$ cat my_file-v7.json   # JSON, C-alpha atoms and all ligand atoms
[["chain", "number", "residue", "atom", "x", "y", "z"],
["A", 1, "MET", "CA", 152.17, -97.35, 36.57],
["A", 2, "SER", "CA", 150.59, -94.25, 38.08],
["A", 3, "PRO", "CA", 152.57, -91.87, 40.29],
["A", 4, "THR", "CA", 150.57, -93.10, 43.28],
["A", 5, "ASP", "CA", 151.50, -96.69, 42.59],
["A", 6, "SER", "CA", 155.12, -95.84, 42.25],
["A", 7, "ASN", "CA", 154.93, -94.07, 45.60],
["A", 8, "ALA", "CA", 153.69, -97.27, 47.21],
["A", 9, "MET", "CA", 156.61, -99.24, 45.79],
["A", 10, "LYS", "CA", 159.03, -96.53, 46.89],
["A", 11, "ALA", "CA", 157.53, -96.53, 50.36],
["A", 12, "ALA", "CA", 157.78, -100.32, 50.63],
["A", 13, "LEU", "CA", 161.42, -100.18, 49.55],
["A", 14, "GLU", "CA", 162.12, -97.45, 52.07],
["A", 15, "TYR", "CA", 160.60, -99.49, 54.88],
["A", 16, "ALA", "CA", 162.68, -102.48, 53.82],
["A", 17, "SER", "CA", 165.81, -100.32, 53.79],
["A", 18, "ARG", "CA", 165.15, -99.68, 57.49],
["A", 19, "GLY", "CA", 165.28, -103.42, 58.04],
["A", 20, "TRP", "CA", 161.53, -103.84, 58.27],
["A", 21, "TYR", "CA", 160.07, -106.94, 56.61],
["A", 22, "VAL", "CA", 157.26, -106.01, 54.23],
["A", 23, "ILE", "CA", 154.36, -107.90, 52.66],
["A", 24, "PRO", "CA", 151.85, -106.89, 49.98],
["A", 25, "LEU", "CA", 148.29, -106.54, 51.24],
["A", 26, "HIS", "CA", 145.00, -106.41, 49.42],
["A", 27, "SER", "CA", 143.59, -102.95, 48.82],
["A", 28, "ASN", "CA", 140.20, -101.31, 48.53],
["A", 29, "GLU", "CA", 138.69, -100.70, 45.13],
["A", 30, "GLY", "CA", 135.78, -98.45, 45.86],
["A", 31, "SER", "CA", 133.98, -100.28, 48.64],
["A", 32, "ASN", "CA", 135.31, -103.69, 47.61],
["A", 33, "CYS", "CA", 138.41, -105.56, 48.68],
["A", 34, "THR", "CA", 140.66, -106.70, 45.83],
["A", 35, "CYS", "CA", 140.32, -110.28, 47.13],
["A", 36, "GLY", "CA", 136.92, -110.32, 45.42],
["A", 37, "ASN", "CA", 134.96, -111.37, 48.48],
["A", 38, "SER", "CA", 132.12, -108.87, 48.79],
["A", 39, "LYS", "CA", 131.80, -109.74, 52.48],
["A", 40, "CYS", "CA", 135.52, -109.46, 53.23],
["A", 41, "LYS", "CA", 135.92, -108.69, 56.92],
["A", 42, "SER", "CA", 139.43, -107.33, 56.56],
["A", 43, "ALA", "CA", 139.12, -105.27, 53.39],
["A", 44, "GLY", "CA", 142.42, -103.86, 52.24],
["A", 45, "LYS", "CA", 144.23, -105.26, 55.25],
["A", 46, "HIS", "CA", 144.96, -108.93, 54.61],
["A", 47, "PRO", "CA", 147.98, -110.35, 52.77],
["A", 48, "ARG", "CA", 148.06, -111.00, 49.03],
["A", 49, "ILE", "CA", 150.56, -113.81, 49.59],
["A", 50, "ASN", "CA", 149.78, -117.15, 51.18],
["A", 51, "ASP", "CA", 152.53, -117.54, 53.72],
["A", 52, "TRP", "CA", 153.37, -114.03, 54.82],
["A", 53, "ARG", "CA", 155.28, -115.15, 57.91],
["A", 54, "LYS", "CA", 157.71, -117.06, 55.72],
["A", 55, "ASP", "CA", 157.75, -114.82, 52.64],
["A", 56, "ALA", "CA", 157.93, -111.37, 54.21],
["A", 57, "THR", "CA", 161.08, -109.78, 52.88],
["A", 58, "THR", "CA", 163.50, -106.88, 52.81],
["A", 59, "GLU", "CA", 164.77, -107.90, 49.33],
["A", 60, "THR", "CA", 164.54, -105.10, 46.78],
["A", 61, "SER", "CA", 163.94, -107.41, 43.81],
["A", 62, "ILE", "CA", 161.06, -109.22, 45.47],
["A", 63, "ILE", "CA", 159.42, -106.00, 46.63],
["A", 64, "LYS", "CA", 159.71, -104.52, 43.14],
["A", 65, "ALA", "CA", 158.17, -107.66, 41.66],
["A", 66, "TRP", "CA", 155.24, -107.58, 44.11],
["A", 67, "TRP", "CA", 154.38, -103.93, 43.48],
["A", 68, "THR", "CA", 154.84, -104.36, 39.73],
["A", 69, "ARG", "CA", 152.37, -107.24, 39.83],
["A", 70, "TRP", "CA", 149.98, -105.48, 42.24],
["A", 71, "PRO", "CA", 150.66, -101.74, 41.89],
["A", 72, "SER", "CA", 147.80, -100.80, 44.21],
["A", 73, "ALA", "CA", 148.72, -103.25, 46.97],
["A", 74, "ASN", "CA", 148.65, -101.81, 50.44],
["A", 75, "ILE", "CA", 151.84, -102.19, 52.44],
["A", 76, "GLY", "CA", 152.09, -104.48, 55.43],
["A", 77, "ILE", "CA", 155.07, -104.24, 57.76],
["A", 78, "VAL", "CA", 155.79, -107.28, 59.89],
["A", 79, "THR", "CA", 156.30, -106.31, 63.52],
["A", 80, "GLY", "CA", 158.49, -108.08, 66.03],
["A", 81, "ARG", "CA", 162.01, -109.18, 66.51],
["A", 82, "ASP", "CA", 163.05, -109.63, 62.86],
["A", 83, "SER", "CA", 162.01, -106.09, 61.98],
["A", 84, "GLY", "CA", 163.36, -104.79, 65.28],
["A", 85, "MET", "CA", 160.23, -102.93, 66.27],
["A", 86, "VAL", "CA", 156.79, -103.20, 67.79],
["A", 87, "VAL", "CA", 153.79, -100.99, 67.20],
["A", 88, "VAL", "CA", 151.18, -99.67, 69.60],
["A", 89, "ASP", "CA", 147.93, -99.16, 67.70],
["A", 90, "VAL", "CA", 145.81, -96.41, 69.24],
["A", 91, "ASP", "CA", 142.33, -96.46, 67.77],
["A", 92, "GLY", "CA", 139.57, -93.88, 68.06],
["A", 93, "ASP", "CA", 138.80, -91.40, 70.82],
["A", 94, "GLU", "CA", 138.55, -94.20, 73.36],
["A", 95, "GLY", "CA", 142.01, -95.48, 72.53],
["A", 96, "ASP", "CA", 143.43, -91.98, 72.54],
["A", 97, "ALA", "CA", 142.06, -91.28, 76.02],
["A", 98, "ALA", "CA", 143.27, -94.64, 77.36],
["A", 99, "PHE", "CA", 146.73, -94.27, 75.87],
["A", 100, "ARG", "CA", 147.13, -90.73, 77.24],
["A", 101, "ARG", "CA", 146.07, -91.95, 80.65],
["A", 102, "LEU", "CA", 148.56, -94.82, 80.57],
["A", 103, "CYS", "CA", 151.35, -92.50, 79.45],
["A", 104, "ALA", "CA", 150.53, -90.04, 82.22],
["A", 105, "GLU", "CA", 150.45, -92.80, 84.83],
["A", 106, "GLN", "CA", 153.86, -94.02, 83.76],
["A", 107, "ASN", "CA", 155.28, -90.58, 83.10],
["A", 108, "PHE", "CA", 156.02, -91.66, 79.54],
["A", 109, "MET", "CA", 156.05, -89.49, 76.43],
["A", 110, "PRO", "CA", 155.66, -91.35, 73.14],
["A", 111, "GLU", "CA", 158.29, -89.27, 71.37],
["A", 112, "THR", "CA", 158.73, -91.89, 68.70],
["A", 113, "LEU", "CA", 158.06, -92.54, 65.05],
["A", 114, "THR", "CA", 154.31, -92.30, 64.60],
["A", 115, "ALA", "CA", 151.98, -92.87, 61.67],
["A", 116, "THR", "CA", 148.45, -91.53, 61.56],
["A", 117, "THR", "CA", 145.84, -94.11, 60.57],
["A", 118, "GLY", "CA", 142.20, -93.91, 59.55],
["A", 119, "ARG", "CA", 140.93, -93.62, 63.11],
["A", 120, "GLY", "CA", 144.00, -93.14, 65.21],
["A", 121, "ARG", "CA", 147.72, -93.68, 65.06],
["A", 122, "HIS", "CA", 150.52, -96.22, 65.19],
["A", 123, "HIS", "CA", 153.42, -95.57, 67.57],
["A", 124, "TYR", "CA", 156.54, -97.46, 66.47],
["A", 125, "PHE", "CA", 158.94, -98.53, 69.21],
["A", 126, "ALA", "CA", 162.27, -100.31, 69.19],
["A", 127, "HIS", "CA", 161.85, -104.00, 69.93],
["A", 128, "PRO", "CA", 162.87, -104.63, 73.55],
["A", 129, "GLY", "CA", 164.62, -107.95, 72.82],
["A", 130, "VAL", "CA", 162.19, -110.07, 74.81],
["A", 131, "GLU", "CA", 159.08, -111.58, 73.30],
["A", 132, "VAL", "CA", 156.27, -109.10, 72.75],
["A", 133, "PRO", "CA", 152.94, -110.86, 72.21],
["A", 134, "ASN", "CA", 150.23, -109.38, 70.05],
["A", 135, "SER", "CA", 147.24, -108.17, 71.94],
["A", 136, "ALA", "CA", 143.92, -106.58, 71.17],
["A", 137, "ARG", "CA", 142.23, -104.53, 73.89],
["A", 138, "THR", "CA", 144.41, -106.10, 76.58],
["A", 139, "VAL", "CA", 146.26, -102.91, 77.41],
["A", 140, "ALA", "CA", 143.06, -100.89, 77.19],
["A", 141, "ASP", "CA", 140.05, -100.54, 74.92],
["A", 142, "GLY", "CA", 141.30, -99.06, 71.66],
["A", 143, "VAL", "CA", 144.96, -99.81, 72.42],
["A", 144, "ASP", "CA", 146.39, -102.86, 70.63],
["A", 145, "VAL", "CA", 149.97, -104.12, 70.51],
["A", 146, "ARG", "CA", 151.48, -105.58, 67.34],
["A", 147, "GLY", "CA", 154.55, -107.50, 68.38],
["A", 148, "ASP", "CA", 156.16, -110.79, 67.45],
["A", 149, "GLY", "CA", 154.20, -112.55, 64.72],
["A", 150, "GLY", "CA", 152.04, -109.57, 63.84],
["A", 151, "TYR", "CA", 151.90, -106.96, 61.11],
["A", 152, "ILE", "CA", 150.46, -103.51, 60.60],
["A", 153, "VAL", "CA", 149.13, -101.61, 57.60],
["A", 154, "ALA", "CA", 151.67, -98.88, 56.84],
["A", 155, "PRO", "CA", 151.23, -95.53, 55.07],
["A", 156, "LEU", "CA", 151.59, -95.61, 51.28],
["A", 157, "ARG", "CA", 154.07, -92.76, 51.49],
["A", 158, "GLY", "CA", 157.47, -93.42, 52.93],
["A", 159, "ILE", "CA", 158.85, -91.60, 55.92],
["A", 160, "GLY", "CA", 161.45, -89.69, 53.94],
["A", 161, "ALA", "CA", 158.90, -88.57, 51.36],
["A", 162, "ALA", "CA", 156.20, -87.85, 53.88],
["A", 163, "LEU", "CA", 157.56, -85.78, 56.73],
["A", 164, "PRO", "CA", 156.03, -83.75, 58.15],
["A", 165, "THR", "CA", 152.78, -84.56, 56.40],
["A", 166, "HIS", "CA", 151.15, -87.58, 54.75],
["A", 167, "GLY", "CA", 150.83, -89.49, 57.94],
["A", 168, "TRP", "CA", 154.27, -89.68, 59.52],
["A", 169, "GLN", "CA", 155.58, -87.82, 62.55],
["A", 170, "LYS", "CA", 159.08, -88.07, 64.07],
["A", 171, "THR", "CA", 161.76, -90.15, 62.46],
["A", 172, "SER", "CA", 163.34, -92.41, 65.02],
["A", 173, "LEU", "CA", 162.21, -95.17, 67.33],
["A", 174, "CYS", "CA", 162.35, -94.83, 71.07],
["A", 175, "SER", "CA", 162.17, -97.72, 73.48],
["A", 176, "ARG", "CA", 158.90, -99.44, 74.05],
["A", 177, "PRO", "CA", 156.78, -98.08, 76.86],
["A", 178, "ARG", "CA", 156.22, -100.14, 79.96],
["A", 179, "THR", "CA", 152.59, -100.37, 78.94],
["A", 180, "GLY", "CA", 153.19, -103.81, 77.45],
["A", 181, "SER", "CA", 150.40, -106.34, 77.37],
["A", 182, "SER", "CA", 151.38, -108.05, 80.59],
["A", 183, "GLY", "CA", 152.37, -105.14, 82.79],
["A", 184, "ALA", "CA", 149.54, -102.88, 81.85],
["A", 185, "ARG", "CA", 146.61, -104.98, 82.90],
["A", 186, "ALA", "CA", 146.87, -103.74, 86.45],
["A", 187, "THR", "CA", 146.59, -100.17, 85.27],
["A", 188, "GLY", "CA", 143.46, -100.83, 83.25],
["A", 189, "LYS", "CA", 140.12, -99.73, 84.46],
["B", 201, "ZN", "ZN", 139.61, -109.07, 51.22]]

$ encode --input "my_file-v7.json" --output "structure tokens" --more "lines below"
Ligand SMILES: [Zn+2]
Amino acid sequence: MSPTDSNAMKAALEYASRGWYVIPLHSNEGSNCTCGNSKCKSAGKHPRINDWRKDATTETSIIKAWWTRWPSANIGIVTGRDSGMVVVDVDGDEGDAAFRRLCAEQNFMPETLTATTGRGRHHYFAHPGVEVPNSARTVADGVDVRGDGGYIVAPLRGIGAALPTHGWQKTSLCSRPRTGSSGARATGK
């Protein structure tokens, strides 16, 4: 096992220790997805297990077995009530502008655990206790919500190992903004 692989396992275990349910995802090998489909539309982002909703886990032994079997697997974290958090996915310049505008309108500062992604960032918020549907581009273009029944691709370095670099900022979750998928439509353009 390479040091990088062991970091992924460590990160998955750390996420689980926070009570977040994790799943192993396919990864990219060069320009190919490890699923073997050369036309994969979700390269490196879809689950390696069949029934991720049922088999997502916080169990150390299962997580170790997954990342021993697939050392390069990307890490998925299930969002929603069971994990106790929801994620706002801000993508690209468009998403950044829209999210800043929404925050300004609602006088809200996203001082919460945040992971940088390929094109943007994931803001992690405490689950509000009422159902949070998943949405894509409902809040605004480039702003998606991963709530109950969703998952996100997490950094391969854990929060403890990563701060203040390697993709994570802040350490704790604040409450979800009022820019949820239902309330925010009126504030869209
Ligand atoms: Zn694939």

$ atom_distance --input "my_file-v7.json" --atom1 "CA of Tyr21 (chain A)" --atom2 "CA of Thr79 (chain A)"
7.9 Å

$ residues_near_ligand --input "my_file-v7.json" --ligand "ligand ZN 201 (chain B)" --cutoff "12 Å" --atoms "all atoms listed in the file" --output "ChimeraX atom specification"
/A:25-29,31-48,73-74

$ closest_atom_pairs --input "my_file-v7.json" --of "region 5-46 of chain A" --to "region 144-164 of chain A" --cutoff "7 Å" --atoms "only C-alpha atoms" --output "JSON lines"
{"residue": "A:Asn7", "atom": "CA", "partner": "A:Arg157", "partner_atom": "CA", "distance": 6.1}
{"residue": "A:Ala8", "atom": "CA", "partner": "A:Leu156", "partner_atom": "CA", "distance": 4.9}
{"residue": "A:Lys10", "atom": "CA", "partner": "A:Gly158", "partner_atom": "CA", "distance": 7.0}
{"residue": "A:Ala11", "atom": "CA", "partner": "A:Gly158", "partner_atom": "CA", "distance": 4.0}
{"residue": "A:Glu14", "atom": "CA", "partner": "A:Gly158", "partner_atom": "CA", "distance": 6.2}
{"residue": "A:Lys45", "atom": "CA", "partner": "A:Val153", "partner_atom": "CA", "distance": 6.5}

$ closest_residue --input "my_file-v7.json" --among "A:Trp52, A:Phe108, A:Trp70, A:Tyr124" --to "Leu173 (chain A)" --atoms "all atoms listed in the file"
A:Tyr124

$ residues_around --input "my_file-v7.json" --residues "Ser172 (chain A)" --least-positions-apart "3" --cutoff "10 Å" --atoms "all atoms listed in the file" --output "PyMOL selection string"
chain A and resi 111-114+124-126+169

$ atom_distance --input "my_file-v7.json" --atom1 "CA of His127 (chain A)" --atom2 "CA of Ser6 (chain A)"
29.6 Å

$ closest_residue --input "my_file-v7.json" --among "A:Ile75, A:Val130, A:Ala140, A:Ile23" --to "Arg100 (chain A)" --atoms "all atoms listed in the file"
A:Ala140

$ closest_residue --input "my_file-v7.json" --among "A:Glu59, A:Asp96, A:Asp51, A:Asp82" --to "Pro128 (chain A)" --atoms "only C-alpha atoms"
A:Asp82

$ residues_near_point --input "my_file-v7.json" --point "(151.9, -96.6, 65.2)" --cutoff "7 Å" --atoms "only C-alpha atoms" --output "PyMOL selection string"
chain A and resi 87-89+114-115+121-124

$ atom_distance --input "my_file-v7.json" --atom1 "CA of Met109 (chain A)" --atom2 "CA of Gly76 (chain A)"
26.1 Å

$ closest_residue --input "my_file-v7.json" --among "A:Val78, A:Val22, A:Leu102, A:Gly30" --to "Thr58 (chain A)" --atoms "only C-alpha atoms"
A:Val22

$ residues_around --input "my_file-v7.json" --residues "Gly95 (chain A)" --least-positions-apart "4" --cutoff "7 Å" --atoms "all atoms listed in the file" --output "list of chain:residue names"
A:Val90, A:Asp91, A:Phe99, A:Asp141, A:Gly142, A:Val143

$ closest_residue --input "my_file-v7.json" --among "A:Val86, A:Ala16, A:Cys174, A:Ala136" --to "Ser61 (chain A)" --atoms "all atoms listed in the file"
A:Ala16

$ residues_around --input "my_file-v7.json" --residues "Thr60 (chain A)" --least-positions-apart "5" --cutoff "9 Å" --atoms "all atoms listed in the file" --output "PyMOL selection string"
chain A and resi 13+16-17+65

$ write_last_selection --input "my_file-v7.json" --atoms "C-alpha atoms" --output "PDB file, in the coordinates of the input"
ATOM      1  CA  LEU A  13     161.420-100.180  49.550  1.00  0.00           C
ATOM      2  CA  ALA A  16     162.680-102.480  53.820  1.00  0.00           C
ATOM      3  CA  SER A  17     165.810-100.320  53.790  1.00  0.00           C
ATOM      4  CA  ALA A  65     158.170-107.660  41.660  1.00  0.00           C
TER       5      ALA A  65
END

$ axis_aligned_box --input "my_file-v7.json" --around "region 73-78 of chain A" --padding-each-side "4 Å" --output "AutoDock Vina command-line options"
--center_x 152.2 --center_y -104.5 --center_z 53.4 --size_x 15.1 --size_y 13.5 --size_z 20.9
